[in-house]
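Everything below concerns the one structure shown next.
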Number of protein chains: 2
Amino acid sequence: MPVIDPATVPVKTGSIYPEPYASMMQGRSSLRLGDAGGLSQFGANLVSLEPGALSSLRHWHQYEDEFVMVTEGECTLVQDAGETVMRAGDCAAFPAGNPDGHHFINRSDRVARFLVIGSRAPREVATYSDVDFRVEIEGGRARFTYKDGTDWVGPR
Amino acid sequence: MPVIDPATVPVKTGSIYPEPYASMMQGRSSLRLGDAGGLSQFGANLVSLEPGALSSLRHWHQYEDEFVMVTEGECTLVQDAGETVMRAGDCAAFPAGNPDGHHFINRSDRVARFLVIGSRAPREVATYSDVDFRVEIEGGRARFTYKDGTDWVGPR
């Protein structure tokens, strides 16, 4: 059956980021529901944020569209213009190529969850708004760079 | 801001189906949230089903992955093997090319809603499980056929 039982989906924690950024993702976990259901064309992940947790570093995608629906609790969306509190049922869209970086922070005192959909481009570049960091992903491999495209060797 | 205010999104009703199938879609409406937020790579639609309404004719997609999360009320998923009642938070995935047709019926006495994500293939073929009907979509144009590929001219 195509109905996905979340209890059977592995809880993913951790981050592909190098330190010190990986440690900043503590309190975040996700269920890869789309993958669990046999989908390959886009990701459909249910992300859980403990109080204080971040969804990611603030970023924008060059080639991939992203869509979010909050499903539980309160998520605070942060962008260039400031913060917006989003609650269950609230949605947001982040078109590929729009350089207004975003992430979510759980500023509440209980868990918050959102469903995030992301398309899967053959090549993707994520640029991080608040630090000199960029990730290029191609063929399942990630390359970390500064924003000038040179190899990342540590925060600067 | 990328937050989508559903109150500003046009309510879409009607169907691309020819009669008598179009009339079977009464009580269904949707908000194209992804389009409203400027996304193009996949559709993200919030579908509302009045009591008794169907989400579509029972169908499967040849090239496009589909993902559903129920957001309100009860939706009954119908497939070859039978029926499954889904409630808020329940998810289902329908990988491209799996010929086990699906649709949702609202068998309850109040409105039901689900978020549906569908990728956008350059060419798509939807095949309808319970009637001799198929739709080919390419370049924004729909061609209706019987399952043998000949032009559809009416139910048979």
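Chain labels A, B, ... are given in the sequence in which chains occur in the structure tokens; within each chain residues are numbered consecutively from 1, and ligands are likewise numbered from 1 in the order shown.
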
Neighbours of chain B in chain A at 10 Å, counting only C-alpha atoms, as a compact mmCIF listing (two decimals) with C-alpha atoms, in the first residue's frame:
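Below you can see result-v2.txt, which holds the result:
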# COMPACT_ATOMS: atom_id res chain seq x y z
CA MET A 1 0.00 0.00 0.00
CA PRO A 2 1.19 3.52 -0.71
CA VAL A 3 0.21 4.77 2.76
CA ILE A 4 3.40 5.56 4.62
CA ASP A 5 3.61 4.51 8.25
CA PRO A 6 5.94 7.06 9.87
CA LEU A 33 8.56 10.14 3.63
CA GLY A 34 8.79 10.42 -0.16
CA ASP A 35 11.84 8.17 -0.33
CA ALA A 36 10.10 5.69 2.00
CA GLY A 37 7.17 5.64 -0.41
CA GLY A 38 9.36 4.92 -3.43
CA LEU A 39 9.45 8.43 -4.89
CA SER A 40 12.57 9.69 -6.63
CA GLN A 41 11.58 12.88 -8.46
CA PHE A 42 11.30 15.14 -5.42
CA GLY A 43 11.98 14.94 -1.71
CA ALA A 44 9.10 15.01 0.77
CA TYR A 63 18.17 25.28 -9.21
CA GLU A 64 15.61 23.64 -6.91
CA ASP A 65 12.13 24.85 -5.96
CA GLU A 66 11.16 24.35 -2.31
CA PHE A 67 7.75 24.29 -0.63
CA VAL A 68 6.95 24.11 3.08
CA MET A 69 3.77 23.44 5.06
CA THR A 71 2.11 20.66 10.33
CA GLU A 72 2.53 21.11 14.09
CA LEU A 77 10.69 31.76 9.19
CA GLN A 79 14.56 35.88 5.71
CA ASP A 80 16.39 39.08 4.69
CA ALA A 81 13.37 41.20 5.64
CA GLY A 82 12.91 39.66 9.08
CA THR A 84 7.41 35.52 10.32
CA VAL A 85 5.79 33.06 12.71
CA MET A 86 4.12 30.18 10.87
CA ALA A 88 0.00 24.46 11.37
CA GLY A 89 -1.42 24.77 7.87
CA ASP A 90 0.68 27.80 6.91
CA CYS A 91 2.65 27.40 3.69
CA ALA A 92 5.61 29.08 2.06
CA ALA A 93 7.28 28.74 -1.33
CA PHE A 94 10.91 29.40 -2.22
CA PRO A 95 11.44 29.50 -5.99
CA ALA A 96 14.81 28.38 -7.34
CA ASP A 100 16.60 35.77 -0.32
CA HIS A 102 15.54 31.36 4.46
CA LEU A 115 6.64 19.07 5.60
CA ILE A 117 9.16 19.40 -0.62
CA GLY A 118 12.24 19.98 -2.76
CA SER A 119 12.76 19.17 -6.39
CA ARG A 120 15.88 17.22 -7.35
CA ALA A 121 18.05 18.95 -9.90

Fitted chain B, least squares over ordered Cα pairs with chain A, as a CSV table (one decimal) with C-alpha atoms, in the first residue's frame:
chain,number,residue,atom,x,y,z
B,1,MET,CA,0.0,0.0,0.0
B,2,PRO,CA,1.2,3.5,-0.7
B,3,VAL,CA,0.2,4.8,2.8
B,4,ILE,CA,3.4,5.6,4.6
B,5,ASP,CA,3.6,4.5,8.2
B,6,PRO,CA,5.9,7.1,9.9
B,7,ALA,CA,6.8,4.5,12.5
B,8,THR,CA,8.6,2.4,9.9
B,9,VAL,CA,10.6,5.4,8.5
B,10,PRO,CA,14.1,5.8,9.9
B,11,VAL,CA,14.6,9.0,11.8
B,12,LYS,CA,17.4,11.0,10.1
B,13,THR,CA,19.6,13.2,12.3
B,14,GLY,CA,23.0,14.8,11.7
B,15,SER,CA,24.0,17.1,8.8
B,16,ILE,CA,26.2,17.1,5.7
B,17,TYR,CA,27.7,20.4,6.9
B,18,PRO,CA,31.3,20.4,8.1
B,19,GLU,CA,31.9,21.7,11.7
B,20,PRO,CA,31.2,24.1,13.2
B,21,TYR,CA,28.0,24.2,11.2
B,22,ALA,CA,26.9,20.6,11.7
B,23,SER,CA,26.7,21.1,15.5
B,24,MET,CA,24.4,24.0,15.0
B,25,MET,CA,21.8,21.5,13.6
B,26,GLN,CA,21.3,19.8,16.9
B,27,GLY,CA,17.6,19.2,17.8
B,28,ARG,CA,16.6,18.8,14.1
B,29,SER,CA,15.5,15.4,12.7
B,30,SER,CA,13.6,14.3,9.7
B,31,LEU,CA,11.6,11.5,8.1
B,32,ARG,CA,12.2,11.0,4.4
B,33,LEU,CA,8.6,10.1,3.6
B,34,GLY,CA,8.8,10.4,-0.2
B,35,ASP,CA,11.8,8.2,-0.3
B,36,ALA,CA,10.1,5.7,2.0
B,37,GLY,CA,7.2,5.6,-0.4
B,38,GLY,CA,9.4,4.9,-3.4
B,39,LEU,CA,9.5,8.4,-4.9
B,40,SER,CA,12.6,9.7,-6.6
B,41,GLN,CA,11.6,12.9,-8.5
B,42,PHE,CA,11.3,15.1,-5.4
B,43,GLY,CA,12.0,14.9,-1.7
B,44,ALA,CA,9.1,15.0,0.8
B,45,ASN,CA,10.5,15.2,4.3
B,46,LEU,CA,8.8,15.7,7.6
B,47,VAL,CA,11.2,17.8,9.7
B,48,SER,CA,11.0,18.0,13.5
B,49,LEU,CA,12.5,20.9,15.4
B,50,GLU,CA,13.0,20.7,19.1
B,51,PRO,CA,12.7,24.0,21.0
B,52,GLY,CA,15.6,26.2,19.9
B,53,ALA,CA,16.5,24.1,16.8
B,54,LEU,CA,17.2,25.4,13.3
B,55,SER,CA,16.0,23.7,10.1
B,56,SER,CA,19.3,24.6,8.4
B,57,LEU,CA,21.7,27.4,8.0
B,58,ARG,CA,19.9,30.3,6.3
B,59,HIS,CA,20.2,29.5,2.5
B,60,TRP,CA,18.8,29.7,-1.0
B,61,HIS,CA,18.8,27.1,-3.8
B,62,GLN,CA,20.0,28.0,-7.2
B,63,TYR,CA,18.2,25.3,-9.2
B,64,GLU,CA,15.6,23.6,-6.9
B,65,ASP,CA,12.1,24.8,-6.0
B,66,GLU,CA,11.2,24.3,-2.3
B,67,PHE,CA,7.7,24.3,-0.6
B,68,VAL,CA,6.9,24.1,3.1
B,69,MET,CA,3.8,23.4,5.1
B,70,VAL,CA,3.9,23.7,8.8
B,71,THR,CA,2.1,20.7,10.3
B,72,GLU,CA,2.5,21.1,14.1
B,73,GLY,CA,3.5,23.8,16.5
B,74,GLU,CA,5.2,27.1,15.5
B,75,CYS,CA,8.1,27.7,13.1
B,76,THR,CA,9.6,31.1,12.8
B,77,LEU,CA,10.7,31.8,9.2
B,78,VAL,CA,13.8,34.0,8.9
B,79,GLN,CA,14.6,35.9,5.7
B,80,ASP,CA,16.4,39.1,4.7
B,81,ALA,CA,13.4,41.2,5.6
B,82,GLY,CA,12.9,39.7,9.1
B,83,GLU,CA,10.9,37.0,10.8
B,84,THR,CA,7.4,35.5,10.3
B,85,VAL,CA,5.8,33.1,12.7
B,86,MET,CA,4.1,30.2,10.9
B,87,ARG,CA,1.6,27.7,12.4
B,88,ALA,CA,0.0,24.5,11.4
B,89,GLY,CA,-1.4,24.8,7.9
B,90,ASP,CA,0.7,27.8,6.9
B,91,CYS,CA,2.7,27.4,3.7
B,92,ALA,CA,5.6,29.1,2.1
B,93,ALA,CA,7.3,28.7,-1.3
B,94,PHE,CA,10.9,29.4,-2.2
B,95,PRO,CA,11.4,29.5,-6.0
B,96,ALA,CA,14.8,28.4,-7.3
B,97,GLY,CA,17.2,31.2,-7.9
B,98,ASN,CA,15.7,33.7,-5.5
B,99,PRO,CA,18.7,34.9,-3.4
B,100,ASP,CA,16.6,35.8,-0.3
B,101,GLY,CA,17.9,33.1,2.0
B,102,HIS,CA,15.5,31.3,4.5
B,103,HIS,CA,15.5,29.0,7.4
B,104,PHE,CA,13.2,28.1,10.3
B,105,ILE,CA,13.8,28.4,14.0
B,106,ASN,CA,11.7,26.9,16.7
B,107,ARG,CA,11.4,29.7,19.2
B,108,SER,CA,8.6,28.0,21.1
B,109,ASP,CA,8.9,25.6,24.0
B,110,ARG,CA,7.5,22.5,22.3
B,111,VAL,CA,8.4,20.5,19.2
B,112,ALA,CA,7.5,22.0,15.8
B,113,ARG,CA,7.1,20.1,12.5
B,114,PHE,CA,6.9,20.9,8.9
B,115,LEU,CA,6.6,19.1,5.6
B,116,VAL,CA,9.2,20.2,3.1
B,117,ILE,CA,9.2,19.4,-0.6
B,118,GLY,CA,12.2,20.0,-2.8
B,119,SER,CA,12.8,19.2,-6.4
B,120,ARG,CA,15.9,17.2,-7.4
B,121,ALA,CA,18.1,19.0,-9.9
B,122,PRO,CA,21.0,17.1,-11.5
B,123,ARG,CA,23.2,19.8,-10.1
B,124,GLU,CA,22.4,22.1,-7.2
B,125,VAL,CA,24.2,25.0,-5.4
B,126,ALA,CA,23.0,26.1,-2.0
B,127,THR,CA,24.4,29.5,-0.8
B,128,TYR,CA,24.3,30.4,2.9
B,129,SER,CA,23.2,33.9,3.7
B,130,ASP,CA,24.9,34.6,7.0
B,131,VAL,CA,28.3,32.9,6.6
B,132,ASP,CA,30.9,32.6,3.8
B,133,PHE,CA,29.8,29.1,2.7
B,134,ARG,CA,28.3,27.4,-0.3
B,135,VAL,CA,27.6,23.8,-1.2
B,136,GLU,CA,27.7,22.4,-4.7
B,137,ILE,CA,25.9,19.0,-5.1
B,138,GLU,CA,26.3,16.9,-8.2
B,139,GLY,CA,26.0,13.1,-8.7
B,140,GLY,CA,25.4,12.6,-5.0
B,141,ARG,CA,28.6,14.4,-4.0
B,142,ALA,CA,28.9,17.6,-2.0
B,143,ARG,CA,31.7,20.1,-2.5
B,144,PHE,CA,32.0,22.9,0.1
B,145,THR,CA,33.3,26.3,-1.1
B,146,TYR,CA,33.5,29.9,0.0
B,147,LYS,CA,31.2,32.2,-1.9
B,148,ASP,CA,34.1,33.0,-4.3
B,149,GLY,CA,34.1,29.3,-5.4
B,150,THR,CA,37.4,28.4,-3.7
B,151,ASP,CA,37.5,25.3,-1.5
B,152,TRP,CA,36.2,25.7,2.0
B,153,VAL,CA,38.8,24.9,4.7
B,154,GLY,CA,37.2,26.5,7.7
B,155,PRO,CA,35.1,29.5,8.8
B,156,ARG,CA,36.4,32.9,7.8

DSSP helix (DSSP H, G or I) selection over region 8-149 of chain B, as a ChimeraX atom specification | /B:8,22-25,33-36

Serialized selection, C-alpha atoms, as an mmCIF file, in the first residue's frame:
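part.cif written:
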data_model
loop_
_atom_site.group_PDB
_atom_site.id
_atom_site.type_symbol
_atom_site.label_atom_id
_atom_site.label_comp_id
_atom_site.auth_asym_id
_atom_site.auth_seq_id
_atom_site.Cartn_x
_atom_site.Cartn_y
_atom_site.Cartn_z
ATOM 1 C CA THR B 8 -5.429 35.430 -1.969
ATOM 2 C CA ALA B 22 -16.343 16.242 -15.461
ATOM 3 C CA SER B 23 -19.671 16.244 -13.634
ATOM 4 C CA MET B 24 -18.416 13.469 -11.365
ATOM 5 C CA MET B 25 -15.912 15.991 -9.913
ATOM 6 C CA LEU B 33 -0.375 27.035 -3.557
ATOM 7 C CA GLY B 34 2.916 26.270 -5.302
ATOM 8 C CA ASP B 35 1.963 28.233 -8.414
ATOM 9 C CA ALA B 36 0.800 31.108 -6.190
#

Check region 12-150 of chain B with DSSP on the backbone and list each residue it calls strand (DSSP E), as JSON, numbers by chain.
-> {"B": [12, 28, 29, 30, 31, 32, 42, 43, 44, 45, 46, 47, 48, 49, 59, 60, 61, 66, 67, 68, 69, 70, 71, 72, 74, 75, 76, 77, 78, 79, 82, 83, 84, 85, 86, 87, 91, 92, 93, 94, 103, 104, 105, 112, 113, 114, 115, 116, 117, 118, 119, 123, 124, 125, 126, 127, 128, 133, 134, 135, 136, 137, 138, 141, 142, 143, 144, 145]}
